[in-house]
Protein chains: 2
Amino acid sequence: MDYQLHNRVLTWLQIAGNSLRQSFNRTIQVSEKTSPRDLVTEMDQATQDYLVQQIQTYYPDHQILGEEEQADRVNGTEGMLWIIDPIDGTLNFVKQQRFFGIMIGIYQEGQPIAGYIYDVMQDDLYYGIVNDGVYHNQVPLDPLPIESLADSLIVGNVHLFVNNDFNARALLEQSLGVRSYGCSAYEMIAVIRGEAGLYLSAGLCPWDFAAGYAILTAMGYAASQPDGQALSLLERCPGVFAHPTVYQEAMQLMNP
Amino acid sequence: MDYQLHNRVLTWLQIAGNSLRQSFNRTIQVSEKTSPRDLVTEMDQATQDYLVQQIQTYYPDHQILGEEEQADRVNGTEGMLWIIDPIDGTLNFVKQQRFFGIMIGIYQEGQPIAGYIYDVMQDDLYYGIVNDGVYHNQVPLDPLPIESLADSLIVGNVHLFVNNDFNARALLEQSLGVRSYGCSAYEMIAVIRGEAGLYLSAGLCPWDFAAGYAILTAMGYAASQPDGQALSLLERCPGVFAHPTVYQEAMQLMNP
């Protein structure tokens, strides 16, 4: 890992976070993408533009995959690839003014190198560097202990359990219960902190999981699609992210 | 409202909150009540004991209804009644070490006078005094704007939507979506802040809603059982707590 790069990311996240916090003092322009539940704001675009500009300035030969209208720039995962979600949880950003995050994943030849999830309103930064470790506000993070699925909460969207996607109700019944924060960043953070043993999602774009997947890889946690296939960095796919023991139990329940 | 009493409550909550925050530095004794999802810790009892002792010292003629083994003390709602939940969200307290609260509701002749919800780990106090107003950390609280159910998130346990209790899936479909924090205190706070337009629960004891109901009454919000009956201060019952416009829409969907 390049620690000059790492320190730059920390600075960029602070600057981007300040802009987002300050944006609540004025009226923000909000538009619908595909539905009233799928929003984009001027701050999503402004934050992505800022991050892309910084990356291009210092790392002009790196590829960038971002949520806001830049997916077409990337044809493969060769070389260094930045995957960024400028505001993960835009609906929460608009309607709750908290419970959202900025996420950055850094990949080399398709493999995770580092991930950053910044809980902007809490000013809480979680990051993981593969073959180094995981940190919360620059202090090594020691997750809360989890022994098994029966001993853990899980996180995911309520629709998973209503529809019983991937046999999710078996996970609901055999765990301590479900928490649903409406935001991948928050649900990844719950797994990283050990507040939940598993995060399941029916459909994630690369920017929804790239940061969390890198952090969880640095922790030795497990992740895949619910059927066991590898996650895709180039296409939307379902995903399960879990404590290693909980992952084994959950995969059996999801693939009986 | 008696402002000497109010100031005492603020002091007690700070002292109780400090004890809870400090308790994470040592091993806490945890026991199951009815199941592994229904926990009680030494800190639930210690916090309740502290609050009861303070109330009895200053207000010996007041009644007290608390979650931990004191329900049998109260036969009716005459006079001044304190309803306390020393740790609302004990499972979160144990497994997440955040997302829990201390709640106190004060009632006179069965009518709400004041309510306090203390988000201990955030050090965020929400309180409402009927005929005065609602405050967040002593500053008047201005909730985020909500226009309608279609314009709002809702909060509640995932089982409501899986089981379609009270036709809850119609609320899921006609709102912006569901958030589930696993704790009445947090779900009430979401409604108080305007982060969610409605909180629905299939079963609440008086200490689960007394504080929130008092705060929402001070805000002019609506609350009842899903069939329109009044909430009960002496028995477990389902409850809906909502922004007035959202309440009207939700009651029609729940009672078609």
# chains A, B, ... in the order shown; residues from 1 in each chain; ligands from 1
$ interface_residues --of "chain A" --to "chain B" --cutoff "7 Å" --atoms "only C-alpha atoms" --output "PyMOL selection string"
chain A and resi 37+95-96+158+161-162+176+178-182+195
$ residues_around --residues "Val52 in chain A" --least-positions-apart "3" --cutoff "10 Å" --atoms "only C-alpha atoms" --output "PyMOL selection string"
chain A and resi 46-49+55-57+59+63-66+70+82+84+86
$ write_last_selection --atoms "N, CA, C and O atoms" --output "PDB file, in the first residue's frame"
ATOM      1  N   ALA A  46     -21.384  16.784  -7.120  1.00  0.00           N
ATOM      2  CA  ALA A  46     -20.271  17.665  -6.718  1.00  0.00           C
ATOM      3  C   ALA A  46     -19.200  16.861  -5.973  1.00  0.00           C
ATOM      4  O   ALA A  46     -17.998  17.082  -6.167  1.00  0.00           O
ATOM      5  N   THR A  47     -19.640  15.937  -5.121  1.00  0.00           N
ATOM      6  CA  THR A  47     -18.676  15.146  -4.338  1.00  0.00           C
ATOM      7  C   THR A  47     -17.901  14.210  -5.263  1.00  0.00           C
ATOM      8  O   THR A  47     -16.675  14.069  -5.144  1.00  0.00           O
ATOM      9  N   GLN A  48     -18.624  13.596  -6.204  1.00  0.00           N
ATOM     10  CA  GLN A  48     -17.917  12.720  -7.138  1.00  0.00           C
ATOM     11  C   GLN A  48     -16.945  13.532  -7.996  1.00  0.00           C
ATOM     12  O   GLN A  48     -15.796  13.113  -8.212  1.00  0.00           O
ATOM     13  N   ASP A  49     -17.399  14.685  -8.488  1.00  0.00           N
ATOM     14  CA  ASP A  49     -16.517  15.516  -9.326  1.00  0.00           C
ATOM     15  C   ASP A  49     -15.237  15.867  -8.566  1.00  0.00           C
ATOM     16  O   ASP A  49     -14.138  15.817  -9.117  1.00  0.00           O
ATOM     17  N   ILE A  55      -8.257  12.432  -7.917  1.00  0.00           N
ATOM     18  CA  ILE A  55      -7.619  11.188  -8.362  1.00  0.00           C
ATOM     19  C   ILE A  55      -6.919  11.418  -9.705  1.00  0.00           C
ATOM     20  O   ILE A  55      -5.766  10.993  -9.901  1.00  0.00           O
ATOM     21  N   GLN A  56      -7.587  12.114 -10.618  1.00  0.00           N
ATOM     22  CA  GLN A  56      -7.000  12.329 -11.951  1.00  0.00           C
ATOM     23  C   GLN A  56      -5.756  13.225 -11.881  1.00  0.00           C
ATOM     24  O   GLN A  56      -4.834  13.077 -12.678  1.00  0.00           O
ATOM     25  N   THR A  57      -5.761  14.136 -10.912  1.00  0.00           N
ATOM     26  CA  THR A  57      -4.603  15.018 -10.767  1.00  0.00           C
ATOM     27  C   THR A  57      -3.369  14.234 -10.326  1.00  0.00           C
ATOM     28  O   THR A  57      -2.269  14.393 -10.878  1.00  0.00           O
ATOM     29  N   TYR A  59      -3.160  10.733  -9.950  1.00  0.00           N
ATOM     30  CA  TYR A  59      -3.014   9.366 -10.488  1.00  0.00           C
ATOM     31  C   TYR A  59      -3.655   9.284 -11.873  1.00  0.00           C
ATOM     32  O   TYR A  59      -4.657   8.592 -12.066  1.00  0.00           O
ATOM     33  N   GLN A  63      -7.781   3.984 -13.352  1.00  0.00           N
ATOM     34  CA  GLN A  63      -9.176   3.972 -13.801  1.00  0.00           C
ATOM     35  C   GLN A  63     -10.083   4.382 -12.642  1.00  0.00           C
ATOM     36  O   GLN A  63      -9.768   4.137 -11.473  1.00  0.00           O
ATOM     37  N   ILE A  64     -11.248   4.957 -12.985  1.00  0.00           N
ATOM     38  CA  ILE A  64     -12.214   5.373 -11.957  1.00  0.00           C
ATOM     39  C   ILE A  64     -13.605   4.894 -12.359  1.00  0.00           C
ATOM     40  O   ILE A  64     -14.052   5.135 -13.483  1.00  0.00           O
ATOM     41  N   LEU A  65     -14.255   4.226 -11.419  1.00  0.00           N
ATOM     42  CA  LEU A  65     -15.641   3.799 -11.608  1.00  0.00           C
ATOM     43  C   LEU A  65     -16.448   4.472 -10.500  1.00  0.00           C
ATOM     44  O   LEU A  65     -16.212   4.229  -9.314  1.00  0.00           O
ATOM     45  N   GLY A  66     -17.387   5.362 -10.897  1.00  0.00           N
ATOM     46  CA  GLY A  66     -18.157   6.085  -9.882  1.00  0.00           C
ATOM     47  C   GLY A  66     -19.633   5.912 -10.120  1.00  0.00           C
ATOM     48  O   GLY A  66     -20.056   5.589 -11.241  1.00  0.00           O
ATOM     49  N   GLN A  70     -20.437   7.661 -14.707  1.00  0.00           N
ATOM     50  CA  GLN A  70     -19.090   7.488 -15.246  1.00  0.00           C
ATOM     51  C   GLN A  70     -18.779   6.020 -15.469  1.00  0.00           C
ATOM     52  O   GLN A  70     -17.643   5.667 -15.764  1.00  0.00           O
ATOM     53  N   TRP A  82     -10.186   2.766  -9.031  1.00  0.00           N
ATOM     54  CA  TRP A  82     -10.883   3.390  -7.895  1.00  0.00           C
ATOM     55  C   TRP A  82     -12.382   3.220  -8.125  1.00  0.00           C
ATOM     56  O   TRP A  82     -12.887   3.549  -9.203  1.00  0.00           O
ATOM     57  N   ILE A  84     -15.924   4.480  -6.529  1.00  0.00           N
ATOM     58  CA  ILE A  84     -16.374   5.457  -5.540  1.00  0.00           C
ATOM     59  C   ILE A  84     -17.884   5.666  -5.545  1.00  0.00           C
ATOM     60  O   ILE A  84     -18.537   5.664  -6.584  1.00  0.00           O
ATOM     61  N   PRO A  86     -20.062   8.590  -4.032  1.00  0.00           N
ATOM     62  CA  PRO A  86     -19.891   9.892  -3.368  1.00  0.00           C
ATOM     63  C   PRO A  86     -20.854  10.076  -2.205  1.00  0.00           C
ATOM     64  O   PRO A  86     -20.486  10.661  -1.187  1.00  0.00           O
TER      65      PRO A  86
END
$ select_by_dssp --residues "range 44-113 of chain B" --states "strand (DSSP E)" --output "VMD selection string"
chain B and resid 63 to 66 80 to 88 101 to 108 111 to 113
$ closest_residue --among "A:Tyr213, A:Tyr199, A:Phe241, A:Tyr221" --to "Ile106 in chain A" --atoms "only C-alpha atoms"
A:Tyr213
$ residues_around --residues "Gln225 in chain B" --least-positions-apart "6" --cutoff "12 Å" --atoms "only C-alpha atoms" --output "list in words"
Phe166, Tyr199, Leu200, Ser201, Ala202, Gly203, Leu204, Phe209, Tyr213, Leu231, Ser232, Leu233, Arg236, Cys237, Pro238, Gly239, Val240, Phe241, Ala242, Tyr247, Ala250, Met251, Met254 and Asn255 of chain B
$ select_by_dssp --residues "range 74-182 of chain B" --states "helix (DSSP H, G or I)" --output "list in words"
Thr90, Leu91, Asn92, Phe93, Val94, Lys95, Leu149, Ala150, Asp151, Val158, His159, Leu160, Phe161, Val162, Asn163, Asp165, Phe166, Asn167, Ala168, Arg169, Ala170, Leu171, Leu172, Glu173 and Gln174 of chain B
$ write_last_selection --atoms "N, CA and C atoms" --output "mmCIF file, in the first residue's frame"
data_model
loop_
_atom_site.group_PDB
_atom_site.id
_atom_site.type_symbol
_atom_site.label_atom_id
_atom_site.label_comp_id
_atom_site.auth_asym_id
_atom_site.auth_seq_id
_atom_site.Cartn_x
_atom_site.Cartn_y
_atom_site.Cartn_z
ATOM 1 N N THR B 90 -32.157 -3.360 24.869
ATOM 2 C CA THR B 90 -31.105 -4.075 25.606
ATOM 3 C C THR B 90 -30.298 -4.989 24.674
ATOM 4 N N LEU B 91 -30.961 -5.585 23.671
ATOM 5 C CA LEU B 91 -30.213 -6.438 22.730
ATOM 6 C C LEU B 91 -29.178 -5.607 21.969
ATOM 7 N N ASN B 92 -29.558 -4.412 21.541
ATOM 8 C CA ASN B 92 -28.576 -3.522 20.902
ATOM 9 C C ASN B 92 -27.477 -3.122 21.894
ATOM 10 N N PHE B 93 -27.863 -2.816 23.124
ATOM 11 C CA PHE B 93 -26.886 -2.451 24.165
ATOM 12 C C PHE B 93 -25.825 -3.539 24.289
ATOM 13 N N VAL B 94 -26.265 -4.803 24.295
ATOM 14 C CA VAL B 94 -25.331 -5.925 24.468
ATOM 15 C C VAL B 94 -24.557 -6.204 23.183
ATOM 16 N N LYS B 95 -25.255 -6.252 22.048
ATOM 17 C CA LYS B 95 -24.646 -6.743 20.808
ATOM 18 C C LYS B 95 -24.055 -5.634 19.949
ATOM 19 N N LEU B 149 -47.423 10.211 3.301
ATOM 20 C CA LEU B 149 -46.822 8.882 3.415
ATOM 21 C C LEU B 149 -45.871 8.617 2.241
ATOM 22 N N ALA B 150 -46.296 9.012 1.042
ATOM 23 C CA ALA B 150 -45.471 8.762 -0.153
ATOM 24 C C ALA B 150 -44.139 9.513 -0.080
ATOM 25 N N ASP B 151 -44.088 10.509 0.753
ATOM 26 C CA ASP B 151 -42.922 11.377 0.887
ATOM 27 C C ASP B 151 -42.096 11.014 2.118
ATOM 28 N N VAL B 158 -38.981 -5.721 11.199
ATOM 29 C CA VAL B 158 -39.136 -6.449 9.938
ATOM 30 C C VAL B 158 -40.261 -7.486 9.997
ATOM 31 N N HIS B 159 -40.519 -8.070 11.183
ATOM 32 C CA HIS B 159 -41.581 -9.085 11.286
ATOM 33 C C HIS B 159 -42.955 -8.529 10.913
ATOM 34 N N LEU B 160 -43.196 -7.264 11.188
ATOM 35 C CA LEU B 160 -44.459 -6.629 10.812
ATOM 36 C C LEU B 160 -44.755 -6.793 9.332
ATOM 37 N N PHE B 161 -43.698 -6.638 8.536
ATOM 38 C CA PHE B 161 -43.858 -6.626 7.075
ATOM 39 C C PHE B 161 -43.844 -8.046 6.533
ATOM 40 N N VAL B 162 -43.063 -8.915 7.148
ATOM 41 C CA VAL B 162 -43.063 -10.335 6.762
ATOM 42 C C VAL B 162 -44.448 -10.929 7.033
ATOM 43 N N ASN B 163 -45.018 -10.633 8.205
ATOM 44 C CA ASN B 163 -46.317 -11.207 8.602
ATOM 45 C C ASN B 163 -47.502 -10.403 8.057
ATOM 46 N N ASP B 165 -48.749 -7.849 9.403
ATOM 47 C CA ASP B 165 -49.588 -7.416 10.527
ATOM 48 C C ASP B 165 -50.165 -6.039 10.226
ATOM 49 N N PHE B 166 -51.423 -5.868 10.519
ATOM 50 C CA PHE B 166 -52.097 -4.560 10.345
ATOM 51 C C PHE B 166 -51.989 -4.048 8.905
ATOM 52 N N ASN B 167 -51.854 -4.978 7.956
ATOM 53 C CA ASN B 167 -51.712 -4.576 6.552
ATOM 54 C C ASN B 167 -50.444 -3.731 6.336
ATOM 55 N N ALA B 168 -49.407 -4.060 7.086
ATOM 56 C CA ALA B 168 -48.195 -3.229 7.080
ATOM 57 C C ALA B 168 -47.515 -3.165 5.717
ATOM 58 N N ARG B 169 -47.722 -4.208 4.895
ATOM 59 C CA ARG B 169 -47.050 -4.156 3.578
ATOM 60 C C ARG B 169 -47.583 -3.019 2.710
ATOM 61 N N ALA B 170 -48.834 -2.633 2.935
ATOM 62 C CA ALA B 170 -49.358 -1.476 2.181
ATOM 63 C C ALA B 170 -48.579 -0.215 2.563
ATOM 64 N N LEU B 171 -48.199 -0.117 3.837
ATOM 65 C CA LEU B 171 -47.395 1.038 4.269
ATOM 66 C C LEU B 171 -46.011 0.983 3.628
ATOM 67 N N LEU B 172 -45.452 -0.227 3.583
ATOM 68 C CA LEU B 172 -44.143 -0.409 2.939
ATOM 69 C C LEU B 172 -44.194 0.030 1.478
ATOM 70 N N GLU B 173 -45.262 -0.403 0.796
ATOM 71 C CA GLU B 173 -45.351 -0.116 -0.644
ATOM 72 C C GLU B 173 -45.620 1.359 -0.922
ATOM 73 N N GLN B 174 -46.392 2.002 -0.066
ATOM 74 C CA GLN B 174 -46.802 3.380 -0.363
ATOM 75 C C GLN B 174 -45.913 4.438 0.283
#
$ atom_distance --atom1 "CA of Ala230 in chain B" --atom2 "CA of Met80 in chain B"
19.5 Å
$ decode --residues "range 176-207 of chain B" --atoms "N, CA, C and O atoms" --output "CSV table (one decimal), in the first residue's frame"
chain,number,residue,atom,x,y,z
B,176,LEU,N,-41.7,5.6,1.3
B,176,LEU,CA,-40.3,5.6,0.6
B,176,LEU,C,-39.5,4.4,1.1
B,176,LEU,O,-38.5,4.1,0.5
B,177,GLY,N,-40.0,3.6,2.1
B,177,GLY,CA,-39.3,2.5,2.5
B,177,GLY,C,-39.2,2.4,4.1
B,177,GLY,O,-39.7,3.3,4.8
B,178,VAL,N,-38.6,1.3,4.5
B,178,VAL,CA,-38.6,1.0,6.0
B,178,VAL,C,-37.2,1.0,6.5
B,178,VAL,O,-36.3,0.6,5.9
B,179,ARG,N,-37.1,1.6,7.7
B,179,ARG,CA,-35.8,1.5,8.4
B,179,ARG,C,-36.2,0.8,9.7
B,179,ARG,O,-37.3,1.0,10.3
B,180,SER,N,-35.2,0.0,10.2
B,180,SER,CA,-35.5,-0.8,11.4
B,180,SER,C,-34.3,-0.8,12.3
B,180,SER,O,-33.3,-1.3,11.9
B,181,TYR,N,-34.4,-0.2,13.5
B,181,TYR,CA,-33.3,0.0,14.3
B,181,TYR,C,-33.3,-0.9,15.5
B,181,TYR,O,-32.3,-0.9,16.3
B,182,GLY,N,-34.4,-1.7,15.7
B,182,GLY,CA,-34.4,-2.7,16.8
B,182,GLY,C,-34.6,-2.1,18.2
B,182,GLY,O,-34.2,-2.7,19.1
B,183,CYS,N,-35.2,-0.9,18.2
B,183,CYS,CA,-35.2,-0.2,19.5
B,183,CYS,C,-36.3,0.9,19.4
B,183,CYS,O,-36.2,1.8,18.6
B,184,SER,N,-37.3,0.8,20.3
B,184,SER,CA,-38.3,1.9,20.3
B,184,SER,C,-37.8,3.3,20.4
B,184,SER,O,-38.2,4.2,19.8
B,185,ALA,N,-36.8,3.4,21.3
B,185,ALA,CA,-36.2,4.7,21.5
B,185,ALA,C,-35.7,5.3,20.2
B,185,ALA,O,-36.0,6.5,19.8
B,186,TYR,N,-35.0,4.5,19.4
B,186,TYR,CA,-34.4,5.0,18.1
B,186,TYR,C,-35.5,5.2,17.1
B,186,TYR,O,-35.5,6.1,16.3
B,187,GLU,N,-36.6,4.4,17.2
B,187,GLU,CA,-37.7,4.6,16.2
B,187,GLU,C,-38.5,5.8,16.5
B,187,GLU,O,-38.9,6.5,15.7
B,188,MET,N,-38.7,6.0,17.8
B,188,MET,CA,-39.4,7.2,18.2
B,188,MET,C,-38.6,8.5,17.8
B,188,MET,O,-39.1,9.5,17.3
B,189,ILE,N,-37.3,8.4,18.1
B,189,ILE,CA,-36.4,9.5,17.7
B,189,ILE,C,-36.5,9.8,16.2
B,189,ILE,O,-36.6,11.0,15.8
B,190,ALA,N,-36.6,8.8,15.4
B,190,ALA,CA,-36.7,9.0,13.9
B,190,ALA,C,-38.0,9.8,13.6
B,190,ALA,O,-38.0,10.7,12.7
B,191,VAL,N,-39.1,9.5,14.3
B,191,VAL,CA,-40.3,10.2,14.0
B,191,VAL,C,-40.2,11.7,14.6
B,191,VAL,O,-40.6,12.6,13.9
B,192,ILE,N,-39.6,11.8,15.8
B,192,ILE,CA,-39.5,13.1,16.4
B,192,ILE,C,-38.6,14.0,15.5
B,192,ILE,O,-39.0,15.2,15.3
B,193,ARG,N,-37.6,13.5,15.0
B,193,ARG,CA,-36.7,14.3,14.1
B,193,ARG,C,-37.2,14.6,12.7
B,193,ARG,O,-36.7,15.3,11.9
B,194,GLY,N,-38.3,13.9,12.4
B,194,GLY,CA,-38.8,14.0,11.0
B,194,GLY,C,-38.1,13.1,10.0
B,194,GLY,O,-38.2,13.3,8.8
B,195,GLU,N,-37.3,12.2,10.5
B,195,GLU,CA,-36.5,11.3,9.6
B,195,GLU,C,-37.5,10.2,9.1
B,195,GLU,O,-37.2,9.5,8.1
B,196,ALA,N,-38.5,9.9,9.8
B,196,ALA,CA,-39.6,8.9,9.4
B,196,ALA,C,-40.9,9.6,9.7
B,196,ALA,O,-41.0,10.3,10.7
B,197,GLY,N,-41.9,9.2,8.9
B,197,GLY,CA,-43.2,9.8,9.1
B,197,GLY,C,-44.1,9.0,10.1
B,197,GLY,O,-45.1,9.4,10.5
B,198,LEU,N,-43.7,7.7,10.3
B,198,LEU,CA,-44.5,6.8,11.1
B,198,LEU,C,-43.7,5.7,11.7
B,198,LEU,O,-42.8,5.2,11.1
B,199,TYR,N,-44.1,5.4,13.0
B,199,TYR,CA,-43.5,4.2,13.7
B,199,TYR,C,-44.7,3.3,14.0
B,199,TYR,O,-45.7,3.7,14.6
B,200,LEU,N,-44.6,2.0,13.6
B,200,LEU,CA,-45.6,1.0,13.8
B,200,LEU,C,-45.0,-0.1,14.6
B,200,LEU,O,-43.9,-0.6,14.3
B,201,SER,N,-45.6,-0.6,15.7
B,201,SER,CA,-45.1,-1.7,16.4
B,201,SER,C,-46.3,-2.6,16.8
B,201,SER,O,-47.4,-2.2,17.1
B,202,ALA,N,-46.0,-3.9,16.7
B,202,ALA,CA,-47.0,-5.0,17.0
B,202,ALA,C,-47.3,-5.1,18.5
B,202,ALA,O,-48.3,-5.7,18.9
B,203,GLY,N,-46.4,-4.7,19.3
B,203,GLY,CA,-46.6,-4.9,20.7
B,203,GLY,C,-45.7,-4.1,21.6
B,203,GLY,O,-44.4,-4.3,21.5
B,204,LEU,N,-46.2,-3.2,22.3
B,204,LEU,CA,-45.4,-2.3,23.1
B,204,LEU,C,-45.9,-2.3,24.6
B,204,LEU,O,-47.1,-2.2,24.8
B,205,CYS,N,-45.0,-2.4,25.5
B,205,CYS,CA,-45.4,-2.2,26.9
B,205,CYS,C,-45.4,-0.7,27.2
B,205,CYS,O,-44.8,0.1,26.4
B,206,PRO,N,-46.0,-0.3,28.3
B,206,PRO,CA,-46.1,1.2,28.5
B,206,PRO,C,-44.7,1.9,28.5
B,206,PRO,O,-44.6,3.0,28.0
B,207,TRP,N,-43.7,1.2,29.1
B,207,TRP,CA,-42.4,1.9,29.1
B,207,TRP,C,-41.7,2.0,27.7
B,207,TRP,O,-40.8,2.7,27.5
